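Text of the file run_2.pdb, holding PDB, C-alpha atoms, pLDDT in the B column:
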```
ATOM      1  CA  MET N   2      64.145 -46.089   6.867  1.00 52.00           C
ATOM      2  CA  PRO N   3      63.216 -43.187   9.115  1.00 56.00           C
ATOM      3  CA  PRO N   4      60.510 -43.922  11.673  1.00 54.00           C
ATOM      4  CA  SER N   5      58.035 -41.444  10.162  1.00 54.00           C
ATOM      5  CA  THR N   6      57.682 -43.477   6.951  1.00 55.00           C
ATOM      6  CA  SER N   7      57.657 -46.817   8.655  1.00 52.00           C
ATOM      7  CA  ARG N   8      54.336 -48.512   8.265  1.00 53.00           C
ATOM      8  CA  ARG N   9      54.486 -49.944  11.759  1.00 53.00           C
ATOM      9  CA  TYR N  10      55.204 -46.542  13.247  1.00 51.00           C
ATOM     10  CA  LEU N  11      52.257 -44.965  11.432  1.00 50.00           C
ATOM     11  CA  LYS N  12      49.896 -47.674  12.564  1.00 53.00           C
ATOM     12  CA  SER N  13      50.845 -47.428  16.205  1.00 55.00           C
ATOM     13  CA  THR N  14      50.860 -43.623  16.184  1.00 56.00           C
ATOM     14  CA  SER N  15      47.455 -43.366  14.587  1.00 56.00           C
ATOM     15  CA  TYR N  16      46.076 -45.899  17.043  1.00 54.00           C
ATOM     16  CA  PHE N  17      47.149 -43.850  20.073  1.00 55.00           C
ATOM     17  CA  THR N  18      46.435 -40.392  18.678  1.00 61.00           C
ATOM     18  CA  GLN N  19      43.016 -40.880  17.137  1.00 63.00           C
ATOM     19  CA  LYS N  20      39.991 -39.964  19.182  1.00 70.00           C
ATOM     20  CA  ARG N  21      37.855 -42.866  20.261  1.00 68.00           C
ATOM     21  CA  PRO N  22      34.346 -42.776  18.876  1.00 72.00           C
ATOM     22  CA  ARG N  23      31.592 -42.528  21.420  1.00 70.00           C
ATOM     23  CA  PRO N  24      29.386 -45.547  21.767  1.00 64.00           C
ATOM     24  CA  PRO N  25      26.373 -45.222  19.502  1.00 64.00           C
ATOM     25  CA  PRO N  26      23.223 -43.818  21.047  1.00 66.00           C
ATOM     26  CA  PRO N  27      20.417 -46.268  21.666  1.00 65.00           C
ATOM     27  CA  LEU N  28      18.410 -47.135  18.613  1.00 73.00           C
ATOM     28  CA  TYR N  29      15.307 -45.618  20.167  1.00 81.00           C
ATOM     29  CA  LYS N  30      15.519 -42.781  22.678  1.00 84.00           C
ATOM     30  CA  TRP N  31      12.520 -44.027  24.637  1.00 85.00           C
ATOM     31  CA  THR N  32      14.518 -47.087  25.736  1.00 86.00           C
ATOM     32  CA  ASN N  33      16.434 -44.790  28.125  1.00 87.00           C
ATOM     33  CA  HIS N  34      13.218 -44.627  30.160  1.00 89.00           C
ATOM     34  CA  LEU N  35      13.340 -48.367  30.899  1.00 90.00           C
ATOM     35  CA  HIS N  36      15.401 -50.506  33.225  1.00 87.00           C
ATOM     36  CA  PRO N  37      17.895 -52.797  31.486  1.00 87.00           C
ATOM     37  CA  ILE N  38      16.854 -56.402  31.065  1.00 85.00           C
ATOM     38  CA  SER N  39      19.810 -57.540  33.165  1.00 86.00           C
ATOM     39  CA  SER N  40      18.594 -55.720  36.302  1.00 87.00           C
ATOM     40  CA  ILE N  41      16.393 -57.521  38.806  1.00 90.00           C
ATOM     41  CA  PRO N  42      12.813 -56.199  38.955  1.00 89.00           C
ATOM     42  CA  ASN N  43      11.662 -54.526  42.153  1.00 88.00           C
ATOM     43  CA  PRO N  44       7.849 -54.305  42.212  1.00 84.00           C
ATOM     44  CA  THR N  45       7.837 -52.013  45.255  1.00 85.00           C
ATOM     45  CA  THR N  46       9.682 -49.233  43.413  1.00 86.00           C
ATOM     46  CA  GLU N  47       8.724 -49.852  39.775  1.00 89.00           C
ATOM     47  CA  THR N  48       5.538 -49.441  37.831  1.00 91.00           C
ATOM     48  CA  SER N  49       5.336 -51.871  34.920  1.00 93.00           C
ATOM     49  CA  LEU N  50       3.672 -51.232  31.591  1.00 95.00           C
ATOM     50  CA  PHE N  51       1.832 -53.966  29.720  1.00 95.00           C
ATOM     51  CA  TYR N  52       1.745 -53.627  25.938  1.00 95.00           C
ATOM     52  CA  HIS N  53      -1.687 -54.981  25.087  1.00 94.00           C
ATOM     53  CA  ILE N  54      -1.846 -56.532  21.630  1.00 92.00           C
ATOM     54  CA  PRO N  55      -5.486 -57.403  20.846  1.00 90.00           C
ATOM     55  CA  LYS N  56      -6.379 -61.117  20.963  1.00 90.00           C
ATOM     56  CA  SER N  57      -3.022 -62.037  22.544  1.00 91.00           C
ATOM     57  CA  GLY N  58      -3.894 -62.789  26.158  1.00 90.00           C
ATOM     58  CA  GLY N  59      -4.368 -59.285  27.568  1.00 90.00           C
ATOM     59  CA  THR N  60      -7.511 -60.293  29.428  1.00 89.00           C
ATOM     60  CA  THR N  61      -5.601 -63.147  31.071  1.00 91.00           C
ATOM     61  CA  VAL N  62      -2.878 -60.779  32.282  1.00 91.00           C
ATOM     62  CA  GLN N  63      -5.465 -58.315  33.560  1.00 90.00           C
ATOM     63  CA  SER N  64      -7.376 -61.082  35.380  1.00 89.00           C
ATOM     64  CA  THR N  65      -4.159 -62.330  36.987  1.00 91.00           C
ATOM     65  CA  TYR N  66      -3.322 -58.884  38.361  1.00 90.00           C
ATOM     66  CA  GLU N  67      -6.906 -58.493  39.569  1.00 89.00           C
ATOM     67  CA  CYS N  68      -6.732 -61.864  41.320  1.00 89.00           C
ATOM     68  CA  PHE N  69      -3.659 -60.756  43.271  1.00 90.00           C
ATOM     69  CA  SER N  70      -5.403 -57.495  44.311  1.00 88.00           C
ATOM     70  CA  LEU N  71      -2.885 -55.398  42.414  1.00 91.00           C
ATOM     71  CA  SER N  72      -3.861 -51.998  41.107  1.00 92.00           C
ATOM     72  CA  LEU N  73      -4.354 -51.443  37.365  1.00 93.00           C
ATOM     73  CA  ALA N  74      -4.407 -48.310  35.238  1.00 93.00           C
ATOM     74  CA  ASN N  75      -6.531 -49.103  32.223  1.00 89.00           C
ATOM     75  CA  ARG N  76      -9.794 -47.426  31.310  1.00 88.00           C
ATOM     76  CA  VAL N  77     -12.085 -48.638  34.090  1.00 84.00           C
ATOM     77  CA  GLY N  78     -13.357 -45.721  36.157  1.00 82.00           C
ATOM     78  CA  ALA N  79     -11.593 -42.990  34.187  1.00 82.00           C
ATOM     79  CA  ASP N  80     -12.943 -39.573  35.087  1.00 85.00           C
ATOM     80  CA  ASP N  81     -11.996 -35.915  34.796  1.00 83.00           C
ATOM     81  CA  THR N  82     -11.057 -35.131  38.396  1.00 85.00           C
ATOM     82  CA  ASN N  83      -7.720 -33.488  39.189  1.00 89.00           C
ATOM     83  CA  GLU N  84      -6.465 -36.186  41.527  1.00 91.00           C
ATOM     84  CA  LEU N  85      -5.466 -39.827  41.270  1.00 92.00           C
ATOM     85  CA  VAL N  86      -7.627 -42.252  43.180  1.00 90.00           C
ATOM     86  CA  SER N  87      -7.283 -46.009  43.566  1.00 89.00           C
ATOM     87  CA  PHE N  88     -10.661 -47.666  44.021  1.00 89.00           C
ATOM     88  CA  LYS N  89     -12.485 -51.001  43.883  1.00 89.00           C
ATOM     89  CA  PRO N  90     -15.366 -50.785  41.394  1.00 86.00           C
ATOM     90  CA  TRP N  91     -16.864 -54.112  42.484  1.00 83.00           C
ATOM     91  CA  PRO N  92     -15.977 -54.402  46.186  1.00 82.00           C
ATOM     92  CA  TYR N  93     -18.177 -57.439  46.882  1.00 84.00           C
ATOM     93  CA  ASN N  94     -17.504 -59.428  43.707  1.00 82.00           C
ATOM     94  CA  SER N  95     -13.838 -58.808  42.928  1.00 81.00           C
ATOM     95  CA  LYS N  96     -10.492 -57.946  44.515  1.00 84.00           C
ATOM     96  CA  ALA N  97      -9.667 -55.723  41.529  1.00 86.00           C
ATOM     97  CA  ARG N  98      -8.394 -52.187  42.140  1.00 91.00           C
ATOM     98  CA  TYR N  99      -8.128 -49.509  39.488  1.00 93.00           C
ATOM     99  CA  VAL N 100      -6.712 -46.008  39.158  1.00 94.00           C
ATOM    100  CA  ASN N 101      -9.019 -43.381  37.656  1.00 93.00           C
ATOM    101  CA  VAL N 102      -7.049 -42.752  34.440  1.00 94.00           C
ATOM    102  CA  ASP N 103      -7.537 -44.017  30.897  1.00 93.00           C
ATOM    103  CA  THR N 104      -4.175 -45.220  29.572  1.00 94.00           C
ATOM    104  CA  THR N 105      -5.611 -46.598  26.344  1.00 92.00           C
ATOM    105  CA  THR N 106      -5.750 -43.173  24.621  1.00 93.00           C
ATOM    106  CA  ARG N 107      -3.137 -40.459  24.127  1.00 94.00           C
ATOM    107  CA  LYS N 108      -5.376 -37.922  25.839  1.00 94.00           C
ATOM    108  CA  GLY N 109      -5.648 -40.232  28.845  1.00 94.00           C
ATOM    109  CA  ILE N 110      -1.875 -40.841  28.896  1.00 95.00           C
ATOM    110  CA  ASP N 111      -1.272 -37.070  28.870  1.00 95.00           C
ATOM    111  CA  ARG N 112      -3.675 -36.694  31.800  1.00 94.00           C
ATOM    112  CA  ALA N 113      -1.923 -39.508  33.668  1.00 94.00           C
ATOM    113  CA  ARG N 114       1.443 -37.768  33.158  1.00 95.00           C
ATOM    114  CA  LYS N 115       0.029 -34.456  34.360  1.00 95.00           C
ATOM    115  CA  LEU N 116      -1.330 -36.117  37.496  1.00 94.00           C
ATOM    116  CA  GLY N 117       1.941 -38.013  38.133  1.00 93.00           C
ATOM    117  CA  LEU N 118       0.737 -41.599  37.766  1.00 94.00           C
ATOM    118  CA  VAL N 119       4.179 -43.242  37.881  1.00 94.00           C
ATOM    119  CA  GLU N 120       5.483 -41.023  40.707  1.00 93.00           C
ATOM    120  CA  SER N 121       2.399 -41.754  42.829  1.00 93.00           C
ATOM    121  CA  ARG N 122       2.987 -45.555  42.693  1.00 92.00           C
ATOM    122  CA  LEU N 123      -0.788 -46.087  42.822  1.00 92.00           C
ATOM    123  CA  ALA N 124      -0.773 -48.401  39.817  1.00 93.00           C
ATOM    124  CA  ASP N 125       1.087 -51.696  39.819  1.00 93.00           C
ATOM    125  CA  LEU N 126       0.465 -52.192  36.095  1.00 94.00           C
ATOM    126  CA  ILE N 127      -0.317 -49.713  33.326  1.00 95.00           C
ATOM    127  CA  ILE N 128      -2.120 -51.300  30.365  1.00 95.00           C
ATOM    128  CA  THR N 129      -1.868 -49.600  26.972  1.00 95.00           C
ATOM    129  CA  SER N 130      -1.899 -50.328  23.248  1.00 93.00           C
ATOM    130  CA  ASP N 131       0.411 -47.377  22.505  1.00 94.00           C
ATOM    131  CA  PRO N 132       3.579 -48.309  24.417  1.00 94.00           C
ATOM    132  CA  VAL N 133       6.079 -45.917  22.814  1.00 93.00           C
ATOM    133  CA  TYR N 134       3.972 -42.850  23.546  1.00 95.00           C
ATOM    134  CA  ALA N 135       3.174 -44.082  27.063  1.00 95.00           C
ATOM    135  CA  ILE N 136       6.845 -44.768  27.847  1.00 95.00           C
ATOM    136  CA  GLU N 137       7.953 -41.375  26.546  1.00 93.00           C
ATOM    137  CA  GLN N 138       5.259 -39.528  28.491  1.00 94.00           C
ATOM    138  CA  LEU N 139       4.953 -41.452  31.753  1.00 95.00           C
ATOM    139  CA  TYR N 140       8.496 -42.604  32.532  1.00 94.00           C
ATOM    140  CA  ASP N 141      11.735 -40.672  32.917  1.00 91.00           C
ATOM    141  CA  THR N 142      15.459 -41.374  32.670  1.00 87.00           C
ATOM    142  CA  LYS N 143      15.873 -40.944  36.440  1.00 85.00           C
ATOM    143  CA  GLU N 144      16.529 -44.250  38.186  1.00 80.00           C
ATOM    144  CA  ASN N 145      13.418 -44.135  40.397  1.00 83.00           C
ATOM    145  CA  LEU N 146      11.100 -43.219  37.500  1.00 89.00           C
ATOM    146  CA  ARG N 147      12.149 -45.886  35.019  1.00 90.00           C
ATOM    147  CA  GLY N 148       9.791 -48.655  34.095  1.00 91.00           C
ATOM    148  CA  ARG N 149       9.584 -52.132  32.645  1.00 92.00           C
ATOM    149  CA  VAL N 150       7.548 -53.336  29.723  1.00 93.00           C
ATOM    150  CA  LEU N 151       5.659 -56.618  29.661  1.00 92.00           C
ATOM    151  CA  LEU N 152       4.299 -58.185  26.534  1.00 92.00           C
ATOM    152  CA  MET N 153       2.390 -61.324  25.685  1.00 92.00           C
ATOM    153  CA  MET N 154       2.608 -62.539  22.116  1.00 92.00           C
ATOM    154  CA  ARG N 155       0.551 -65.042  20.212  1.00 92.00           C
ATOM    155  CA  HIS N 156       1.066 -66.712  16.875  1.00 93.00           C
ATOM    156  CA  PRO N 157      -0.402 -64.451  14.164  1.00 92.00           C
ATOM    157  CA  VAL N 158      -2.563 -67.201  12.656  1.00 95.00           C
ATOM    158  CA  ASP N 159      -4.016 -68.063  16.076  1.00 93.00           C
ATOM    159  CA  ARG N 160      -4.775 -64.357  16.623  1.00 91.00           C
ATOM    160  CA  LEU N 161      -6.544 -64.169  13.280  1.00 93.00           C
ATOM    161  CA  VAL N 162      -8.652 -67.265  13.989  1.00 94.00           C
ATOM    162  CA  SER N 163      -9.535 -65.938  17.444  1.00 91.00           C
ATOM    163  CA  LYS N 164     -10.559 -62.583  16.016  1.00 91.00           C
ATOM    164  CA  PHE N 165     -12.640 -64.297  13.328  1.00 94.00           C
ATOM    165  CA  TYR N 166     -14.677 -66.219  15.912  1.00 93.00           C
ATOM    166  CA  TYR N 167     -14.867 -63.186  18.208  1.00 91.00           C
ATOM    167  CA  LEU N 168     -16.304 -61.005  15.436  1.00 93.00           C
ATOM    168  CA  GLN N 169     -18.937 -63.626  14.629  1.00 93.00           C
ATOM    169  CA  MET N 170     -20.207 -63.449  18.196  1.00 90.00           C
ATOM    170  CA  ALA N 171     -19.733 -59.723  18.831  1.00 78.00           C
TER     171      ALA N 171
END
```

Whole structure, structure tokens version:
Amino acid sequence: MPPSTSRRYLKSTSYFTQKRPRPPPPLYKWTNHLHPISSIPNPTTETSLFYHIPKSGGTTVQSTYECFSLSLANRVGADDTNELVSFKPWPYNSKARYVNVDTTTRKGIDRARKLGLVESRLADLIITSDPVYAIEQLYDTKENLRGRVLLMMRHPVDRLVSKFYYLQMA
């Protein structure tokens, strides 16, 4: 049999001559804006984002960051000035520091991007309920502008019971 019709020859030739497919792109493009899970966090050069799911411990996370005198970007003290400012709203009662942007709304996230919230490193934690939009707008694919996402989850039934009792008192 000539080599061109040999099955073994065809297999080996096609293996070496075919172009290798590129690895598939990430499932979601916004994941390029985040550090990989395998890398060690560096709080001095990274600004983390907390995905706040209602009734899942967001207040506990916020209180913990406040206790350690870390700066939060949430909605406390949001204003319309054209500069970022880190301030203590209750200087005698709390160690909490906040940045004057509202990261709970898309309009506030756009303002934070325009003012350069992540580049400024004023906030240690950005709290939002719209993480995909916040990641796409605030972070970048450059190594020094990537972020990390934190999340606290709670069993759905426990969340529902908590919300039921909260709504009775609210």

Give me, as a tab-separated table (two decimals) with C-alpha atoms, in the coordinates of the input, all polymer residues having an atom no more than 7 Å from Val100 (chain N), counting only C-alpha atoms and skipping those fewer than 2 positions away in the same chain.
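The resulting file, around-v6.tsv, is shown below:
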```tsv
chain	number	residue	atom	x	y	z
N	72	SER	CA	-3.86	-52.00	41.11
N	73	LEU	CA	-4.35	-51.44	37.36
N	74	ALA	CA	-4.41	-48.31	35.24
N	85	LEU	CA	-5.47	-39.83	41.27
N	86	VAL	CA	-7.63	-42.25	43.18
N	87	SER	CA	-7.28	-46.01	43.57
N	88	PHE	CA	-10.66	-47.67	44.02
N	102	VAL	CA	-7.05	-42.75	34.44
N	123	LEU	CA	-0.79	-46.09	42.82
N	124	ALA	CA	-0.77	-48.40	39.82
```

Smallest atom-to-atom distance to Asn43 (chain N): which of N:Gly148, N:Gly109, N:Pro157, N:Pro22, using only C-alpha atoms?
->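 Of the candidates, the smallest distance to Asn43 (chain N) is held by N:Gly148.
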
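You will find CA of Asn75 (chain N) at 26.9 Å from CA of Val158 (chain N).
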
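If you look at CA of Gln63 (chain N) and CA of Tyr99 (chain N), they are 10.9 Å away from each other.
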
Got a sec to resolve the PyMOL selection byres ((chain N and resi 47) around 10) on this structure and send the residues as a PDB file with C-alpha atoms, keeping the file's coordinate frame?
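File written: part18.pdb
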```pdb
ATOM      1  CA  HIS N  36      15.401 -50.506  33.225  1.00 87.00           C
ATOM      2  CA  PRO N  42      12.813 -56.199  38.955  1.00 89.00           C
ATOM      3  CA  ASN N  43      11.662 -54.526  42.153  1.00 88.00           C
ATOM      4  CA  PRO N  44       7.849 -54.305  42.212  1.00 84.00           C
ATOM      5  CA  THR N  45       7.837 -52.013  45.255  1.00 85.00           C
ATOM      6  CA  THR N  46       9.682 -49.233  43.413  1.00 86.00           C
ATOM      7  CA  THR N  48       5.538 -49.441  37.831  1.00 91.00           C
ATOM      8  CA  SER N  49       5.336 -51.871  34.920  1.00 93.00           C
ATOM      9  CA  LEU N  50       3.672 -51.232  31.591  1.00 95.00           C
ATOM     10  CA  VAL N 119       4.179 -43.242  37.881  1.00 94.00           C
ATOM     11  CA  GLU N 120       5.483 -41.023  40.707  1.00 93.00           C
ATOM     12  CA  ARG N 122       2.987 -45.555  42.693  1.00 92.00           C
ATOM     13  CA  ALA N 124      -0.773 -48.401  39.817  1.00 93.00           C
ATOM     14  CA  ASP N 125       1.087 -51.696  39.819  1.00 93.00           C
ATOM     15  CA  LEU N 126       0.465 -52.192  36.095  1.00 94.00           C
ATOM     16  CA  GLU N 144      16.529 -44.250  38.186  1.00 80.00           C
ATOM     17  CA  ASN N 145      13.418 -44.135  40.397  1.00 83.00           C
ATOM     18  CA  LEU N 146      11.100 -43.219  37.500  1.00 89.00           C
ATOM     19  CA  ARG N 147      12.149 -45.886  35.019  1.00 90.00           C
ATOM     20  CA  GLY N 148       9.791 -48.655  34.095  1.00 91.00           C
ATOM     21  CA  ARG N 149       9.584 -52.132  32.645  1.00 92.00           C
TER      22      ARG N 149
END
```

Of N:Lys20, N:Asn101, N:Asn94, N:Leu35, the one sitting nearest Lys143 (chain N) when using only C-alpha atoms is N:Leu35

Neighbours of Trp31 (chain N) within 8 Å (only C-alpha atoms; same-chain residues fewer than 3 positions away dropped), as a PDB file with C-alpha atoms, in the frame of the given file?
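Below is the file selection11.pdb, written as the result:
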```
ATOM      1  CA  HIS N  34      13.218 -44.627  30.160  1.00 89.00           C
ATOM      2  CA  LEU N  35      13.340 -48.367  30.899  1.00 90.00           C
ATOM      3  CA  VAL N 133       6.079 -45.917  22.814  1.00 93.00           C
ATOM      4  CA  ILE N 136       6.845 -44.768  27.847  1.00 95.00           C
ATOM      5  CA  GLU N 137       7.953 -41.375  26.546  1.00 93.00           C
TER       6      GLU N 137
END
```

Identify, on the basis of all atoms listed in the file, every residue whose closest approach to Ser70 (chain N) does not exceed 7 Å; exclude the query and any residue fewer than 2 positions from it along the same chain; express the result as a PDB file with C-alpha atoms, in the frame of the given file.
```pdb
ATOM      1  CA  TYR N  66      -3.322 -58.884  38.361  1.00 90.00           C
ATOM      2  CA  GLU N  67      -6.906 -58.493  39.569  1.00 89.00           C
ATOM      3  CA  CYS N  68      -6.732 -61.864  41.320  1.00 89.00           C
ATOM      4  CA  SER N  72      -3.861 -51.998  41.107  1.00 92.00           C
ATOM      5  CA  LYS N  96     -10.492 -57.946  44.515  1.00 84.00           C
ATOM      6  CA  ALA N  97      -9.667 -55.723  41.529  1.00 86.00           C
ATOM      7  CA  ARG N  98      -8.394 -52.187  42.140  1.00 91.00           C
TER       8      ARG N  98
END
```

Any idea what the distance is between CA of Arg160 (chain N) and CA of Leu71 (chain N)?
->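 Taking CA of Arg160 (chain N) and CA of Leu71 (chain N), their separation equals 27.4 Å.
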
Counting only C-alpha atoms, closest pick from N:Asn33, N:Ser121, N:Asn83, N:Ser130 relative to Thr106 (chain N) is N:Ser130

Pick out the closest residue to Lys164 (chain N) from this set: N:Arg76, N:Lys115, N:Lys56, N:Asp81. Count all atoms listed in the file.
->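 Closest candidate: N:Lys56.
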
When distances are computed from only C-alpha atoms, which of N:Leu116, N:Met154, N:Val77, N:Ile41 shows the smallest separation from Ile128 (chain N)?
->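 Answer, going by the shortest atom-to-atom distance: N:Val77.
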
Using all atoms listed in the file, which protein or nucleic acid residues come within 8 Å of Leu139 (chain N)? Drop anything in the same chain fewer than 4 positions from it, and give the result as an mmCIF file with C-alpha atoms, keeping the file's coordinate frame.
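Contents of the output file out.cif:
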```
data_model
loop_
_atom_site.group_PDB
_atom_site.id
_atom_site.type_symbol
_atom_site.label_atom_id
_atom_site.label_comp_id
_atom_site.auth_asym_id
_atom_site.auth_seq_id
_atom_site.Cartn_x
_atom_site.Cartn_y
_atom_site.Cartn_z
ATOM 1 C CA ILE N 110 -1.875 -40.841 28.896
ATOM 2 C CA ALA N 113 -1.923 -39.508 33.668
ATOM 3 C CA ARG N 114 1.443 -37.768 33.158
ATOM 4 C CA GLY N 117 1.941 -38.013 38.133
ATOM 5 C CA LEU N 118 0.737 -41.599 37.766
ATOM 6 C CA VAL N 119 4.179 -43.242 37.881
ATOM 7 C CA ALA N 135 3.174 -44.082 27.063
#
```

Would you kindly translate the PyMOL selection byres ((chain N and resi 58) around 12) into the concrete residues it picks from this file, as a ChimeraX atom specification?
-> /N:51-57,59-65,151-156,159-160,163
